[in-house]
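K.L.:
Questions regarding the structure given below will be posed in turn.
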Amino acid sequence: MRAARRSSTRRAAASGELDGIPTSRYPLVVTPTTPTSDTDAPRGLDLGRLRRHLDAHRPGLVTGALRAELVQGGRSNLTYRVTDGAGTWVVRRPPLGHVLATAHDMGREHRVISALAPTPVPVPGTVLLCEDPEVIGAPFYVMEFVPGTPYRTEEQVTALGPERTRAVVLTLVDTLVDLHAVDPGAVGLDGFGRPEGFLDRQLRRWGKQLDASRSRELPGIDELRAALGRALPASPAPAVVHGDYRLDNVLFDPADRLTAVLDWEMSTLGDPLTDVGLLVMYGEQHDIPGFPVPTASGAPGHPDAAEIVERYARRSGRDVSDVDWYTAFAYFKLAVILEGIHYRWTLGQTLGAGFDRIGTVVPLFIDRGLRTIRRRPRAASHQED
């Protein structure tokens, strides 16, 4: 029985999913394609069927022939920009070959974006949800296209200059405060997640993913996992958690206004400080050679981790004294994700360049995580009493 369970868990890791987690989101793969017509659609999108469905359920929305381009690929949810020449929309669907519905739940993404529409959190307007896989081959939803720039590289942000860079990053922090201030019940998101025992469940879940993708010795990884388990902090009141909140998952307009928060596939109700820890972790990565996830934290003017945490604490009123735990957990989580990608590379299950180098940075994340958890104040927690 145990052998069978290990085998099924390893199959889930190799497929890039585990317990509903799209574990292969990293690194973000952006694959622009040439716009296509109804007769030459990008893979995974049948424009003729999409048009008929929109005409039936949103009559008058589309007025001309649809053209589409794939703007985000890889094994994350697929994102297409679709236009009829007059209007532009975005279609999201699960990756090709997807089999585990909970890992790429279109209804869940649609639900959270729709719920946040009347709040101060900027999100694209939703147009339609289709959970019938027969229409285009998978469930999908359509949302309004929001123009804007996702800052993915240090070069992009450096071009803004130090003052604008600082303002952009602090706006990112302020928007996270706005998200965490949303009352889930008031917007229909009660029941969107299980906040009780959230941190313990997250640690066990990512530990399970680690066990599923072990293919080599990783000194320190079990020590980090154990240290996090011994020092679980008491969570604040639950909030809507984005799950992957960082600079390249939001859009800015030319006036540096944040126009949309994107990529909600890991959102849930849980401990809001997990988003803060992730943001701090990304902000510390400019000095890691070959860091595989986009970061602009080395750009002149980019606030350091201390300023980001102070800004969040002051604006939110939350106690952030345990931020080192959340940052160490972010290091652990990303180390596990990258090790899973390395594992799939060893099996020959990755496409594209650069995957051979992913494994080399995993020990650096383990080391950063250990150093971070060791500097954590010996504050009381429900595990250390």
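Ligands are numbered from 1 in the order shown, chains are lettered A, B, ... in the order of the structure tokens, and residues start at 1 in each chain.
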Any idea what's packed within 12 Å of Arg204 in chain A, counting only C-alpha atoms, ignoring anything in its chain fewer than 3 positions away? Could you give it as a CSV table (one decimal) with C-alpha atoms, in the first residue's frame?
P.N.:
```csv
chain,number,residue,atom,x,y,z
A,18,LEU,CA,-0.2,17.5,-6.4
A,19,ASP,CA,-3.3,17.7,-4.2
A,197,GLY,CA,-4.9,24.9,10.3
A,198,PHE,CA,-3.8,26.6,7.1
A,199,LEU,CA,-0.1,26.8,7.9
A,200,ASP,CA,0.2,23.3,9.2
A,201,ARG,CA,-1.7,22.0,6.1
A,207,GLY,CA,6.5,18.4,2.4
A,208,LYS,CA,4.5,15.8,0.5
A,209,GLN,CA,5.6,17.3,-2.8
A,210,LEU,CA,9.2,17.3,-1.7
A,211,ASP,CA,9.0,13.6,-0.9
A,225,ARG,CA,11.1,21.6,7.0
A,226,ALA,CA,11.4,20.4,10.6
A,228,LEU,CA,9.3,25.4,10.2
A,229,GLY,CA,7.1,22.7,11.8
A,232,LEU,CA,4.5,27.4,13.4
A,329,PHE,CA,8.5,29.1,4.4
A,332,PHE,CA,11.1,26.2,1.4
A,333,LYS,CA,8.1,26.3,-0.9
```
K.L.:
Can you tell me, as a ChimeraX atom specification, which residues in range 196-291 of chain A count as strand (DSSP E) by DSSP?
P.N.:
/A:239-241,250-252,258-261,268-270
K.L.:
What are the nearest atom pairs, with distances in Å to one decimal, for all residues of range 177-281 of chain A that come at most 9 Å from range 369-378 of chain A, using only C-alpha atoms, set out by chain and rising residue number as CSV?
P.N.:
```
residue,atom,partner,partner_atom,distance
A:Gly220,CA,A:Leu370,CA,7.6
A:Ile221,CA,A:Leu370,CA,8.6
A:Glu223,CA,A:Leu370,CA,7.9
A:Leu224,CA,A:Leu370,CA,5.7
A:Ala227,CA,A:Ile373,CA,7.3
A:Leu228,CA,A:Ile373,CA,7.4
A:Ala231,CA,A:Ile373,CA,8.9
```
K.L.:
Hey, can you spit out that residue selection with C-alpha atoms as a PDB file, in the first residue's frame?
P.N.:
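Output (result_0.pdb):
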```
ATOM      1  CA  GLY A 220      19.455  21.000   4.885  1.00  0.00           C
ATOM      2  CA  ILE A 221      16.028  20.582   3.298  1.00  0.00           C
ATOM      3  CA  GLU A 223      16.235  20.489   8.695  1.00  0.00           C
ATOM      4  CA  LEU A 224      14.402  23.487   7.220  1.00  0.00           C
ATOM      5  CA  ALA A 227      12.391  23.919  11.884  1.00  0.00           C
ATOM      6  CA  LEU A 228       9.330  25.401  10.207  1.00  0.00           C
ATOM      7  CA  ALA A 231       7.917  27.077  15.025  1.00  0.00           C
TER       8      ALA A 231
END
```
K.L.:
With only C-alpha atoms as the counted atoms, please give the residues lying no more than 10 Å from Leu116 in chain A, apart from itself and same-chain residues fewer than 4 positions off, as a list in words.
P.N.:
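Listing them by chain and then by number gives Arg111, Val112, Pro120, Val121, Pro122, Val123, Pro124, Gly125, Leu179, Val182, Pro184, Val187, Gly188, Leu189 and Val240 of chain A.
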K.L.:
Write the selection just made, keeping C-alpha atoms, as a PDB file, in the first residue's frame?
P.N.:
```pdb
ATOM      1  CA  ARG A 111     -15.288  33.264  -8.617  1.00  0.00           C
ATOM      2  CA  VAL A 112     -12.539  35.179  -6.837  1.00  0.00           C
ATOM      3  CA  PRO A 120     -10.543  48.443  -4.107  1.00  0.00           C
ATOM      4  CA  VAL A 121      -8.507  45.529  -5.530  1.00  0.00           C
ATOM      5  CA  PRO A 122      -8.171  46.083  -9.319  1.00  0.00           C
ATOM      6  CA  VAL A 123      -9.097  42.965 -11.276  1.00  0.00           C
ATOM      7  CA  PRO A 124     -10.273  42.391 -14.842  1.00  0.00           C
ATOM      8  CA  GLY A 125     -14.028  42.352 -15.330  1.00  0.00           C
ATOM      9  CA  LEU A 179      -6.651  42.643  -0.785  1.00  0.00           C
ATOM     10  CA  VAL A 182     -11.447  42.549   1.994  1.00  0.00           C
ATOM     11  CA  PRO A 184     -14.465  37.434   2.479  1.00  0.00           C
ATOM     12  CA  VAL A 187     -18.090  39.524  -1.120  1.00  0.00           C
ATOM     13  CA  GLY A 188     -19.351  35.952  -1.139  1.00  0.00           C
ATOM     14  CA  LEU A 189     -16.022  34.230  -0.536  1.00  0.00           C
ATOM     15  CA  VAL A 240      -8.173  36.317   0.786  1.00  0.00           C
TER      16      VAL A 240
END
```
